[in-house]
Amino acid sequence: MHKIADNLKKVSARIEQAAHTAARETTEICLLAVSKTRSAGAIRRACDCGQRQFGENYLQEALEKQTLLTDLDLEWHFIGPIQSNKTRAIAENFDWVHSVDRVKVARRLSEQRPPARGPLNICLQINTDAEATKAGVDYRDLEALAAQVSELPALRLRGLMAIPARRTEPAQQQAVFEQVAAALERLQKRLPQAPLDTLSMGMSADLEAAIAAGATIVRVGTDIFGPRNP
Ligand SMILES: *Cc1c(COP(=O)(O)O)cnc(C)c1O
C-alpha cells in the first residue's frame with residue numbers, strides 16, 4: 001500500500017474515533033484533502049483511494065492541476081486568501097470557497113459564477129484570534145457580512161471557516177472552535193432561510209478538538225500527503 005493510502009486510512013480512523021467520542025455520526029464529517037504544493041499525481045493517488053474533495057490555496061497552481069485531472073470527478077474547494085482580481089477564475093473553477101471575508105469579493109463571485117455551474121458554496125472565514133494581520137472577518141462584523149452574502153443570488157452561504165492560532169492544549173483548541181460553533185448558531189437564528197450547515201475547522205494537528213466542537217469539514221494536508229517543502 002502506498003503512503004497516501006495508508007495516511008488516508010489513518011486520518012479516517014482519527015475522524016471516526018473523534019466522532020465516536022463526541023457522540024456524532026462519522027457521516028456528518030467531510031474530509032477535505034488540502035493539496036496545496038502537491039502534484040497532480042499525488043491528488044490522483046488520493047482519488048484512487050476514494051478521496052474526492054480537494055482544497056487549494058493558490059489559484060494558478062490549482063488551475064494547472066485541475067487541467068491535468070479533468071478525467072476525474074473531483075470537488076474543488078478554494079481555501080486561500082482571495083485577491084479581488086482573481087474572483088472570476090475562482091467562481092468558474094471551484095465548487096466551494098471557504099475564505100470569503102468581505103462583501104466586495106462575495107459580490108464579484110456571485111456576479112461571475114457561471115449559471116450552468118449552479119450556486120457556489122460559501123463559508124465566511126472568521127478571525128478567531130482578533131489578530132490584525134490575519135485574514136477573516138471579526139466576530140462583531142460577522143452578522144452584517146452574513147446578511148449581505150446571504151442575499152447574493154449565485155451564492156449559497158453554508159457556514160464558517162476558521163484557522164485559529166496554534167495552541168497545543170486540546171482543551172484550549174476546543175474552546176476556540178466552540179466559539180466558532182456558537183457564532184454559527186447565532187447566524188442560524190438570524191438568517192433562518194440560509195442553508196447554514198457547515199463548520200470548516202480542524203487541520204492535521206487539531207482535528208479531534210474541532211470535531212468535538214462540531215466541525216463538519218476538516219481540512220487535512222500534512223497528515224495525508226506528508227510534510228510540505230517550504
Ligand atoms: C495548509 C492548510 C490546511 C492544512 O494544514 P495541515 O496542517 O497541513 O493539515 C488547512 N487549511 C488551510 C486554510 C490551509 O492553508
# chains A, B, ... in the order shown; residues from 1 in each chain; ligands from 1

$ closest_atom_pairs --of "chain A" --to "ligand 1" --cutoff "9 Å" --atoms "only C-alpha atoms and all ligand atoms" --output "CSV"
residue,atom,partner,partner_atom_place_in_ligand_line,distance
A:Leu32,CA,ligand 1,10 (C),8.6
A:Ala33,CA,ligand 1,4 (C),7.9
A:Val34,CA,ligand 1,4 (C),5.4
A:Ser35,CA,ligand 1,1 (C),8.0
A:Lys36,CA,ligand 1,1 (C),6.8
A:Gly55,CA,ligand 1,11 (N),7.8
A:Glu56,CA,ligand 1,15 (O),7.8
A:Asn57,CA,ligand 1,15 (O),6.1
A:Phe78,CA,ligand 1,13 (C),8.8
A:Ile79,CA,ligand 1,13 (C),5.1
A:Gly80,CA,ligand 1,13 (C),5.9
A:Pro81,CA,ligand 1,13 (C),8.6
A:His98,CA,ligand 1,13 (C),8.1
A:Ser99,CA,ligand 1,13 (C),7.9
A:Met161,CA,ligand 1,13 (C),8.5
A:Ala162,CA,ligand 1,13 (C),7.9
A:Ile163,CA,ligand 1,13 (C),6.4
A:Ser200,CA,ligand 1,11 (N),8.8
A:Met201,CA,ligand 1,11 (N),7.9
A:Gly202,CA,ligand 1,10 (C),7.4
A:Met203,CA,ligand 1,9 (O),4.3
A:Ser204,CA,ligand 1,9 (O),3.8
A:Ala205,CA,ligand 1,7 (O),6.2
A:Asp206,CA,ligand 1,7 (O),8.6
A:Leu207,CA,ligand 1,9 (O),8.8
A:Val218,CA,ligand 1,10 (C),7.9
A:Arg219,CA,ligand 1,10 (C),4.6
A:Val220,CA,ligand 1,9 (O),3.7
A:Gly221,CA,ligand 1,8 (O),3.6
A:Thr222,CA,ligand 1,8 (O),3.7
A:Asp223,CA,ligand 1,9 (O),6.0
A:Ile224,CA,ligand 1,9 (O),7.8
A:Phe225,CA,ligand 1,8 (O),8.3
A:Gly226,CA,ligand 1,8 (O),8.1
A:Pro227,CA,ligand 1,8 (O),7.4
A:Arg228,CA,ligand 1,8 (O),7.4

$ residues_around --residues "Glu92 (chain A)" --least-positions-apart "5" --cutoff "9 Å" --atoms "only C-alpha atoms" --output "ChimeraX atom specification"
/A:87,109,112-114,117

$ residues_around --residues "Leu63 (chain A)" --least-positions-apart "4" --cutoff "10 Å" --atoms "only C-alpha atoms" --output "list in words"
Glu56, Tyr58, Leu59, Thr67, Leu68, Leu69, Ala89, Ile90, Asn93 and Phe94 of chain A

$ atom_distance --atom1 "CA of Glu151 (chain A)" --atom2 "CA of Leu74 (chain A)"
27.9 Å

$ closest_residue --among "A:Leu72, A:Ala91, A:Cys123, A:Ala5" --to "Pro195 (chain A)" --atoms "only C-alpha atoms"
A:Cys123

$ closest_residue --among "A:Ala19, A:Val137, A:Ala116, A:Leu142" --to "Ala183 (chain A)" --atoms "only C-alpha atoms"
A:Leu142

$ select_by_dssp --residues "region 114-165 of chain A" --states "alpha helix (DSSP H)" --output "list in words"
Tyr139, Arg140, Asp141, Leu142, Glu143, Ala144, Leu145, Ala146, Ala147, Gln148, Val149 and Ser150 of chain A

$ write_last_selection --atoms "all heavy atoms" --output "PDB file, in the first residue's frame"
ATOM      1  N   TYR A 139     -15.640  38.796  14.781  1.00  0.00           N
ATOM      2  CA  TYR A 139     -16.962  38.356  15.257  1.00  0.00           C
ATOM      3  C   TYR A 139     -17.974  39.503  15.210  1.00  0.00           C
ATOM      4  O   TYR A 139     -19.128  39.316  14.848  1.00  0.00           O
ATOM      5  CB  TYR A 139     -16.874  37.827  16.695  1.00  0.00           C
ATOM      6  CG  TYR A 139     -16.315  36.422  16.790  1.00  0.00           C
ATOM      7  CD1 TYR A 139     -15.041  36.186  17.296  1.00  0.00           C
ATOM      8  CD2 TYR A 139     -17.078  35.328  16.387  1.00  0.00           C
ATOM      9  CE1 TYR A 139     -14.531  34.896  17.394  1.00  0.00           C
ATOM     10  CE2 TYR A 139     -16.577  34.032  16.471  1.00  0.00           C
ATOM     11  CZ  TYR A 139     -15.305  33.829  16.983  1.00  0.00           C
ATOM     12  OH  TYR A 139     -14.803  32.556  17.065  1.00  0.00           O
ATOM     13  N   ARG A 140     -17.535  40.703  15.575  1.00  0.00           N
ATOM     14  CA  ARG A 140     -18.521  41.798  15.669  1.00  0.00           C
ATOM     15  C   ARG A 140     -19.057  42.223  14.306  1.00  0.00           C
ATOM     16  O   ARG A 140     -20.121  42.836  14.230  1.00  0.00           O
ATOM     17  CB  ARG A 140     -17.920  42.997  16.420  1.00  0.00           C
ATOM     18  CG  ARG A 140     -16.765  43.652  15.722  1.00  0.00           C
ATOM     19  CD  ARG A 140     -16.322  44.941  16.412  1.00  0.00           C
ATOM     20  NE  ARG A 140     -15.180  45.495  15.725  1.00  0.00           N
ATOM     21  CZ  ARG A 140     -13.914  45.127  15.946  1.00  0.00           C
ATOM     22  NH1 ARG A 140     -13.638  44.235  16.873  1.00  0.00           N
ATOM     23  NH2 ARG A 140     -12.929  45.646  15.245  1.00  0.00           N
ATOM     24  N   ASP A 141     -18.339  41.896  13.238  1.00  0.00           N
ATOM     25  CA  ASP A 141     -18.806  42.271  11.894  1.00  0.00           C
ATOM     26  C   ASP A 141     -19.459  41.106  11.143  1.00  0.00           C
ATOM     27  O   ASP A 141     -19.892  41.260   9.991  1.00  0.00           O
ATOM     28  CB  ASP A 141     -17.632  42.796  11.053  1.00  0.00           C
ATOM     29  CG  ASP A 141     -16.960  44.003  11.711  1.00  0.00           C
ATOM     30  OD1 ASP A 141     -17.692  44.821  12.314  1.00  0.00           O
ATOM     31  OD2 ASP A 141     -15.727  44.113  11.629  1.00  0.00           O
ATOM     32  N   LEU A 142     -19.506  39.953  11.805  1.00  0.00           N
ATOM     33  CA  LEU A 142     -19.931  38.734  11.098  1.00  0.00           C
ATOM     34  C   LEU A 142     -21.395  38.781  10.646  1.00  0.00           C
ATOM     35  O   LEU A 142     -21.712  38.455   9.507  1.00  0.00           O
ATOM     36  CB  LEU A 142     -19.694  37.510  11.993  1.00  0.00           C
ATOM     37  CG  LEU A 142     -20.177  36.177  11.420  1.00  0.00           C
ATOM     38  CD1 LEU A 142     -19.437  35.850  10.127  1.00  0.00           C
ATOM     39  CD2 LEU A 142     -19.980  35.051  12.441  1.00  0.00           C
ATOM     40  N   GLU A 143     -22.301  39.197  11.543  1.00  0.00           N
ATOM     41  CA  GLU A 143     -23.723  39.121  11.188  1.00  0.00           C
ATOM     42  C   GLU A 143     -24.058  40.020  10.007  1.00  0.00           C
ATOM     43  O   GLU A 143     -24.831  39.628   9.127  1.00  0.00           O
ATOM     44  CB  GLU A 143     -24.590  39.475  12.391  1.00  0.00           C
ATOM     45  CG  GLU A 143     -24.553  38.364  13.426  1.00  0.00           C
ATOM     46  CD  GLU A 143     -25.668  38.462  14.463  1.00  0.00           C
ATOM     47  OE1 GLU A 143     -26.524  39.364  14.369  1.00  0.00           O
ATOM     48  OE2 GLU A 143     -25.662  37.626  15.377  1.00  0.00           O
ATOM     49  N   ALA A 144     -23.461  41.205   9.973  1.00  0.00           N
ATOM     50  CA  ALA A 144     -23.732  42.122   8.864  1.00  0.00           C
ATOM     51  C   ALA A 144     -23.223  41.537   7.551  1.00  0.00           C
ATOM     52  O   ALA A 144     -23.924  41.570   6.526  1.00  0.00           O
ATOM     53  CB  ALA A 144     -23.079  43.483   9.139  1.00  0.00           C
ATOM     54  N   LEU A 145     -22.026  40.973   7.580  1.00  0.00           N
ATOM     55  CA  LEU A 145     -21.485  40.374   6.358  1.00  0.00           C
ATOM     56  C   LEU A 145     -22.349  39.192   5.912  1.00  0.00           C
ATOM     57  O   LEU A 145     -22.688  39.074   4.728  1.00  0.00           O
ATOM     58  CB  LEU A 145     -20.031  39.915   6.592  1.00  0.00           C
ATOM     59  CG  LEU A 145     -19.381  39.187   5.412  1.00  0.00           C
ATOM     60  CD1 LEU A 145     -19.279  40.092   4.179  1.00  0.00           C
ATOM     61  CD2 LEU A 145     -17.986  38.671   5.797  1.00  0.00           C
ATOM     62  N   ALA A 146     -22.707  38.336   6.857  1.00  0.00           N
ATOM     63  CA  ALA A 146     -23.507  37.154   6.507  1.00  0.00           C
ATOM     64  C   ALA A 146     -24.845  37.568   5.903  1.00  0.00           C
ATOM     65  O   ALA A 146     -25.315  36.957   4.935  1.00  0.00           O
ATOM     66  CB  ALA A 146     -23.719  36.284   7.743  1.00  0.00           C
ATOM     67  N   ALA A 147     -25.462  38.594   6.458  1.00  0.00           N
ATOM     68  CA  ALA A 147     -26.755  39.043   5.927  1.00  0.00           C
ATOM     69  C   ALA A 147     -26.600  39.496   4.479  1.00  0.00           C
ATOM     70  O   ALA A 147     -27.436  39.168   3.623  1.00  0.00           O
ATOM     71  CB  ALA A 147     -27.305  40.177   6.798  1.00  0.00           C
ATOM     72  N   GLN A 148     -25.511  40.215   4.185  1.00  0.00           N
ATOM     73  CA  GLN A 148     -25.302  40.681   2.805  1.00  0.00           C
ATOM     74  C   GLN A 148     -25.011  39.512   1.864  1.00  0.00           C
ATOM     75  O   GLN A 148     -25.554  39.437   0.760  1.00  0.00           O
ATOM     76  CB  GLN A 148     -24.142  41.680   2.762  1.00  0.00           C
ATOM     77  CG  GLN A 148     -24.489  43.019   3.381  1.00  0.00           C
ATOM     78  CD  GLN A 148     -23.292  43.953   3.367  1.00  0.00           C
ATOM     79  OE1 GLN A 148     -22.283  43.707   4.040  1.00  0.00           O
ATOM     80  NE2 GLN A 148     -23.398  45.020   2.605  1.00  0.00           N
ATOM     81  N   VAL A 149     -24.153  38.608   2.303  1.00  0.00           N
ATOM     82  CA  VAL A 149     -23.773  37.485   1.434  1.00  0.00           C
ATOM     83  C   VAL A 149     -24.975  36.578   1.168  1.00  0.00           C
ATOM     84  O   VAL A 149     -25.154  36.060   0.061  1.00  0.00           O
ATOM     85  CB  VAL A 149     -22.597  36.689   2.051  1.00  0.00           C
ATOM     86  CG1 VAL A 149     -22.301  35.424   1.258  1.00  0.00           C
ATOM     87  CG2 VAL A 149     -21.339  37.564   2.120  1.00  0.00           C
ATOM     88  N   SER A 150     -25.827  36.412   2.174  1.00  0.00           N
ATOM     89  CA  SER A 150     -26.970  35.504   2.006  1.00  0.00           C
ATOM     90  C   SER A 150     -27.957  36.012   0.955  1.00  0.00           C
ATOM     91  O   SER A 150     -28.786  35.250   0.469  1.00  0.00           O
ATOM     92  CB  SER A 150     -27.683  35.291   3.341  1.00  0.00           C
ATOM     93  OG  SER A 150     -28.364  36.468   3.714  1.00  0.00           O
TER      94      SER A 150
END

$ select_by_dssp --residues "region 162-229 of chain A" --states "strand (DSSP E)" --output "list in words"
Ala162, Thr198, Leu199, Ser200, Ile217, Val218, Arg219 and Val220 of chain A

$ closest_residue --among "A:Glu111, A:Glu169, A:Asp101, A:Glu25" --to "Leu152 (chain A)" --atoms "only C-alpha atoms"
A:Glu111

$ closest_residue --among "A:Thr168, A:Gln53, A:Gln17, A:Thr133" --to "His77 (chain A)" --atoms "only C-alpha atoms"
A:Gln53
